[in-house]
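File shown here: upload29.pdb, holding PDB, C-alpha atoms.
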ATOM      1  CA  MET A   1      77.451  78.256 -47.192
ATOM      2  CA  SER A   2      75.708  74.880 -47.243
ATOM      3  CA  LEU A   3      77.362  71.712 -45.983
ATOM      4  CA  ALA A   4      77.644  68.364 -47.745
ATOM      5  CA  ARG A   5      77.900  65.171 -45.687
ATOM      6  CA  LEU A   6      80.707  62.792 -46.598
ATOM      7  CA  SER A   7      81.293  59.076 -46.115
ATOM      8  CA  ILE A   8      84.589  57.195 -46.286
ATOM      9  CA  LYS A   9      84.889  55.332 -49.577
ATOM     10  CA  GLY A  10      88.317  53.752 -49.159
ATOM     11  CA  ILE A  11      92.066  54.091 -48.645
ATOM     12  CA  SER A  12      94.766  53.334 -51.196
ATOM     13  CA  TYR A  13      98.545  53.630 -51.413
ATOM     14  CA  SER A  14      99.679  56.683 -53.379
ATOM     15  CA  GLN A  15     102.433  55.958 -55.888
ATOM     16  CA  THR A  16     103.059  59.618 -56.628
ATOM     17  CA  GLN A  17     103.873  60.588 -53.045
ATOM     18  CA  ASN A  18     106.262  58.220 -51.311
ATOM     19  CA  GLY A  19     104.953  56.914 -47.987
ATOM     20  CA  ALA A  20     101.584  58.603 -48.438
ATOM     21  CA  TYR A  21      98.090  57.188 -48.786
ATOM     22  CA  ALA A  22      94.964  58.425 -50.507
ATOM     23  CA  LEU A  23      91.767  58.724 -48.506
ATOM     24  CA  LEU A  24      88.676  58.923 -50.693
ATOM     25  CA  LEU A  25      85.582  60.611 -49.268
ATOM     26  CA  SER A  26      82.230  60.406 -51.031
ATOM     27  CA  ASP A  27      79.485  63.021 -51.102
ATOM     28  CA  MET A  28      76.364  61.269 -49.810
ATOM     29  CA  ASP A  29      74.077  63.375 -52.017
ATOM     30  CA  SER A  30      75.930  63.084 -55.348
ATOM     31  CA  ASP A  31      78.504  61.043 -57.287
ATOM     32  CA  ARG A  32      81.347  63.389 -56.371
ATOM     33  CA  GLN A  33      84.404  62.106 -54.522
ATOM     34  CA  LEU A  34      86.920  64.085 -52.482
ATOM     35  CA  PRO A  35      90.472  62.620 -52.527
ATOM     36  CA  ILE A  36      92.826  63.587 -49.691
ATOM     37  CA  VAL A  37      96.471  62.540 -49.324
ATOM     38  CA  ILE A  38      97.324  61.427 -45.771
ATOM     39  CA  GLY A  39     100.311  59.940 -43.948
ATOM     40  CA  ALA A  40     100.945  56.269 -43.241
ATOM     41  CA  PHE A  41     100.208  56.469 -39.490
ATOM     42  CA  GLU A  42      96.912  58.251 -40.040
ATOM     43  CA  ALA A  43      95.971  55.781 -42.801
ATOM     44  CA  GLN A  44      96.666  52.895 -40.417
ATOM     45  CA  SER A  45      94.616  54.509 -37.659
ATOM     46  CA  ILE A  46      91.655  55.125 -39.986
ATOM     47  CA  ALA A  47      91.872  51.580 -41.379
ATOM     48  CA  ILE A  48      91.818  50.085 -37.867
ATOM     49  CA  ALA A  49      88.759  52.156 -36.950
ATOM     50  CA  LEU A  50      87.017  51.003 -40.128
ATOM     51  CA  GLU A  51      87.863  47.341 -39.533
ATOM     52  CA  LYS A  52      86.552  47.369 -35.928
ATOM     53  CA  GLU A  53      87.413  43.668 -35.530
ATOM     54  CA  ILE A  54      91.153  44.338 -35.234
ATOM     55  CA  LYS A  55      92.191  45.692 -31.846
ATOM     56  CA  PRO A  56      95.798  46.885 -31.333
ATOM     57  CA  PRO A  57      97.463  45.517 -28.185
ATOM     58  CA  ARG A  58      98.128  49.064 -26.964
ATOM     59  CA  PRO A  59      96.020  52.162 -27.687
ATOM     60  CA  LEU A  60      97.008  54.268 -30.679
ATOM     61  CA  THR A  61      97.124  58.048 -30.280
ATOM     62  CA  HIS A  62      93.566  58.485 -31.558
ATOM     63  CA  ASP A  63      92.319  55.724 -29.242
ATOM     64  CA  LEU A  64      94.009  57.501 -26.332
ATOM     65  CA  PHE A  65      92.293  60.746 -27.302
ATOM     66  CA  LYS A  66      88.936  58.939 -27.339
ATOM     67  CA  THR A  67      89.533  57.394 -23.905
ATOM     68  CA  PHE A  68      90.670  60.744 -22.519
ATOM     69  CA  SER A  69      87.581  62.493 -23.925
ATOM     70  CA  ASP A  70      85.228  59.834 -22.584
ATOM     71  CA  ARG A  71      86.768  60.128 -19.121
ATOM     72  CA  PHE A  72      86.186  63.870 -19.038
ATOM     73  CA  LYS A  73      82.808  63.685 -20.810
ATOM     74  CA  ILE A  74      83.902  65.456 -23.996
ATOM     75  CA  THR A  75      82.124  64.457 -27.201
ATOM     76  CA  VAL A  76      83.142  65.114 -30.795
ATOM     77  CA  LYS A  77      79.823  65.991 -32.419
ATOM     78  CA  GLN A  78      81.015  66.501 -35.995
ATOM     79  CA  VAL A  79      84.002  67.165 -38.230
ATOM     80  CA  ILE A  80      83.965  69.948 -40.811
ATOM     81  CA  ILE A  81      86.508  70.210 -43.627
ATOM     82  CA  HIS A  82      86.211  73.968 -43.902
ATOM     83  CA  LYS A  83      89.075  75.209 -46.056
ATOM     84  CA  LEU A  84      91.316  74.215 -48.983
ATOM     85  CA  VAL A  85      94.499  76.228 -49.570
ATOM     86  CA  ASP A  86      97.271  75.189 -51.980
ATOM     87  CA  GLY A  87      96.040  71.601 -51.991
ATOM     88  CA  ILE A  88      95.921  71.343 -48.183
ATOM     89  CA  PHE A  89      92.605  70.661 -46.452
ATOM     90  CA  TYR A  90      91.869  72.322 -43.098
ATOM     91  CA  SER A  91      89.395  70.817 -40.656
ATOM     92  CA  SER A  92      87.675  71.516 -37.362
ATOM     93  CA  LEU A  93      86.403  69.288 -34.572
ATOM     94  CA  VAL A  94      83.112  70.481 -33.114
ATOM     95  CA  CYS A  95      83.225  69.267 -29.509
ATOM     96  CA  GLU A  96      80.744  69.468 -26.648
ATOM     97  CA  ARG A  97      81.053  69.250 -22.876
ATOM     98  CA  ASP A  98      78.312  70.081 -20.380
ATOM     99  CA  GLY A  99      76.194  71.564 -23.158
ATOM    100  CA  ILE A 100      78.939  73.954 -24.281
ATOM    101  CA  GLU A 101      80.339  73.648 -27.807
ATOM    102  CA  GLU A 102      83.957  74.360 -28.720
ATOM    103  CA  THR A 103      85.574  74.262 -32.158
ATOM    104  CA  ILE A 104      89.122  72.898 -32.351
ATOM    105  CA  ASP A 105      91.471  73.127 -35.327
ATOM    106  CA  ALA A 106      92.783  69.741 -36.532
ATOM    107  CA  ARG A 107      94.557  68.092 -39.418
ATOM    108  CA  THR A 108      91.988  66.483 -41.668
ATOM    109  CA  SER A 109      93.479  63.003 -41.284
ATOM    110  CA  ASP A 110      93.382  63.252 -37.474
ATOM    111  CA  ALA A 111      89.881  64.702 -37.547
ATOM    112  CA  ILE A 112      88.564  61.802 -39.638
ATOM    113  CA  ALA A 113      90.335  59.197 -37.482
ATOM    114  CA  LEU A 114      88.582  60.714 -34.461
ATOM    115  CA  ALA A 115      85.221  61.056 -36.225
ATOM    116  CA  LEU A 116      85.219  57.293 -36.761
ATOM    117  CA  ARG A 117      85.892  56.629 -33.092
ATOM    118  CA  PHE A 118      83.132  58.997 -31.959
ATOM    119  CA  ASP A 119      80.687  57.946 -34.701
ATOM    120  CA  ALA A 120      80.607  61.620 -35.663
ATOM    121  CA  PRO A 121      79.457  62.798 -39.103
ATOM    122  CA  ILE A 122      81.950  64.343 -41.543
ATOM    123  CA  PHE A 123      81.009  67.442 -43.542
ATOM    124  CA  THR A 124      82.564  69.825 -46.030
ATOM    125  CA  TYR A 125      81.326  72.972 -47.707
ATOM    126  CA  LYS A 126      79.898  72.554 -51.182
ATOM    127  CA  ASN A 127      82.284  75.135 -52.626
ATOM    128  CA  ILE A 128      85.181  72.858 -51.576
ATOM    129  CA  LEU A 129      83.511  69.957 -53.377
ATOM    130  CA  ASP A 130      83.084  72.202 -56.417
ATOM    131  CA  LYS A 131      86.784  73.044 -56.304
ATOM    132  CA  ALA A 132      88.365  69.686 -55.442
ATOM    133  CA  GLY A 133      85.667  67.070 -55.995
ATOM    134  CA  ILE A 134      86.000  64.535 -58.798
ATOM    135  CA  TYR A 135      83.758  62.043 -60.538
ATOM    136  CA  LEU A 136      84.737  58.415 -61.076
ATOM    137  CA  LYS A 137      84.561  57.478 -64.747
ATOM    138  CA  ASP A 138      81.873  54.862 -64.107
ATOM    139  CA  LYS A 139      79.662  54.302 -61.086
ATOM    140  CA  GLY A 140      80.759  50.681 -60.925
ATOM    141  CA  GLU A 141      84.422  51.557 -61.089
ATOM    142  CA  SER A 142      86.805  50.611 -58.310
ATOM    143  CA  THR A 143      87.316  53.103 -55.500
ATOM    144  CA  ASP A 144      91.055  52.739 -56.083
ATOM    145  CA  ILE A 145      90.829  55.168 -59.025
ATOM    146  CA  TYR A 146      91.644  58.694 -57.937
ATOM    147  CA  ASP A 147      92.260  62.180 -59.260
ATOM    148  CA  SER A 148      95.485  62.327 -61.270
ATOM    149  CA  ARG A 149      96.529  65.619 -59.664
ATOM    150  CA  ASN A 150      98.063  63.857 -56.693
ATOM    151  CA  ILE A 151      97.017  60.181 -56.739
ATOM    152  CA  GLU A 152      98.001  57.340 -59.022
ATOM    153  CA  ALA A 153      95.154  55.992 -61.143
ATOM    154  CA  THR A 154      95.657  52.305 -60.419
ATOM    155  CA  GLU A 155      96.889  50.059 -57.626
ATOM    156  CA  GLN A 156     100.508  48.983 -57.638
ATOM    157  CA  LYS A 157     101.070  45.786 -59.577
ATOM    158  CA  GLU A 158     103.489  44.570 -56.922
ATOM    159  CA  SER A 159     100.880  45.007 -54.195
ATOM    160  CA  THR A 160      98.359  42.953 -56.169
ATOM    161  CA  GLU A 161     100.856  40.172 -56.745
ATOM    162  CA  GLU A 162     101.796  40.138 -53.049
ATOM    163  CA  THR A 163      98.137  39.911 -52.015
ATOM    164  CA  THR A 164      97.549  36.998 -54.408
ATOM    165  CA  THR A 165     100.581  35.158 -53.030
ATOM    166  CA  LEU A 166      99.454  35.697 -49.425
ATOM    167  CA  LYS A 167      95.924  34.473 -50.171
ATOM    168  CA  SER A 168      97.346  31.321 -51.720
ATOM    169  CA  GLU A 169      99.619  30.821 -48.711
ATOM    170  CA  PHE A 170      96.801  31.364 -46.192
ATOM    171  CA  SER A 171      94.376  29.068 -48.030
ATOM    172  CA  GLN A 172      96.676  26.112 -47.328
ATOM    173  CA  MET A 173      96.802  26.748 -43.564
ATOM    174  CA  THR A 174      94.514  25.399 -40.866
ATOM    175  CA  THR A 175      92.135  27.772 -39.091
ATOM    176  CA  LYS A 176      94.068  27.243 -35.867
ATOM    177  CA  LYS A 177      97.310  28.308 -37.565
ATOM    178  CA  LEU A 178      95.589  31.340 -39.092
ATOM    179  CA  ASN A 179      94.323  32.444 -35.684
ATOM    180  CA  GLU A 180      97.862  32.151 -34.312
ATOM    181  CA  LEU A 181      99.185  34.253 -37.204
ATOM    182  CA  LEU A 182      96.401  36.800 -36.663
ATOM    183  CA  ASP A 183      97.344  37.207 -32.989
ATOM    184  CA  LYS A 184     100.998  37.630 -33.946
ATOM    185  CA  ALA A 185     100.222  40.173 -36.679
ATOM    186  CA  VAL A 186      98.165  42.274 -34.248
ATOM    187  CA  THR A 187     100.906  42.031 -31.595
ATOM    188  CA  ASP A 188     103.491  43.112 -34.202
ATOM    189  CA  GLU A 189     101.103  45.937 -35.245
ATOM    190  CA  ASP A 190     101.128  44.620 -38.824
ATOM    191  CA  TYR A 191      97.459  45.473 -39.344
ATOM    192  CA  GLU A 192      97.495  45.130 -43.113
ATOM    193  CA  ARG A 193      98.581  41.475 -42.823
ATOM    194  CA  ALA A 194      96.113  40.966 -39.965
ATOM    195  CA  ALA A 195      93.247  42.173 -42.167
ATOM    196  CA  LYS A 196      94.167  39.678 -44.908
ATOM    197  CA  ILE A 197      94.374  36.815 -42.406
ATOM    198  CA  ARG A 198      91.027  37.810 -40.898
ATOM    199  CA  ASP A 199      89.466  37.816 -44.384
ATOM    200  CA  GLU A 200      90.657  34.237 -44.948
ATOM    201  CA  ILE A 201      89.250  33.151 -41.571
ATOM    202  CA  SER A 202      85.920  34.873 -42.317
ATOM    203  CA  LYS A 203      85.607  32.985 -45.603
ATOM    204  CA  ARG A 204      85.676  29.709 -43.693
ATOM    205  CA  SER A 205      82.992  30.713 -41.191
TER     206      SER A 205
END
Could you quickly redo this structure as structure tokens?
Amino acid sequence: MSLARLSIKGISYSQTQNGAYALLLSDMDSDRQLPIVIGAFEAQSIAIALEKEIKPPRPLTHDLFKTFSDRFKITVKQVIIHKLVDGIFYSSLVCERDGIEETIDARTSDAIALALRFDAPIFTYKNILDKAGIYLKDKGESTDIYDSRNIEATEQKESTEETTTLKSEFSQMTTKKLNELLDKAVTDEDYERAAKIRDEISKRS
């Protein structure tokens, strides 16, 4: 079976599953998208790896795994989403040490969080894309629109209103104050707020 390489398109809160998030993967050779529901911790870990500029004060579990692997010269070469059963995706980490490859079973959310930290490519089999892949209605459409089988079609209105309020609040603050708030948000592990503060600081650069 042939493999399709995937890229991470975005993460959104899932209204239909309380406390869950939707990770959207995009086929790099077509317009198909692969939506996967993940937990809040995994969503936070993936978001931090994507941001790169936000560093938690203490290592998260996936950061610890990366440090441990580096110390013992273990590399994650690629991640393969190899099976879909009853709506659950199964993945494997293809690892290498001293020229020897080993395949390790992993939850898809953990596998992707690690792939980001190792700069490892993410693949799935094309038959899985045929089964679970979706097409956005328009190419220019927001990545926050997902398959209605398990993901809400639009962002929460409350979340949008909160973001607008925060942006207005931050715009009235000095850069020095924003940097202080950014440090506090990272210390408190409130990475969502930290990302919004960082965006406001970046606009002023």
Contacts of range 88-98 of chain A at 6 Å or less, counting only C-alpha atoms, minus same-chain residues fewer than 4 places along, as a ChimeraX atom specification? /A:74-84,102-108
Using only C-alpha atoms, find the one residue out of A:Lys131, A:Arg32, A:Lys196, A:Arg117 that sits nearest to Ile46 in chain A.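 Smallest distance to Ile46 in chain A is found for A:Arg117.
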Point-to-point distance in Å for CA of Ile8 in chain A and CA of Ile48 in chain A: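 It comes out at 13.2 Å.
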How many Å separate CA of Asp188 in chain A from CA of Ala22 in chain A?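 We find that CA of Asp188 in chain A and CA of Ala22 in chain A lie 23.9 Å from each other.
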Go through A:Ile122, A:Leu50, A:Leu129, A:Ala111 and flag the residue nearest Asp31 in chain A, using only C-alpha atoms for the distances.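 Among the listed residues, the smallest separation from Asp31 in chain A belongs to A:Leu129.
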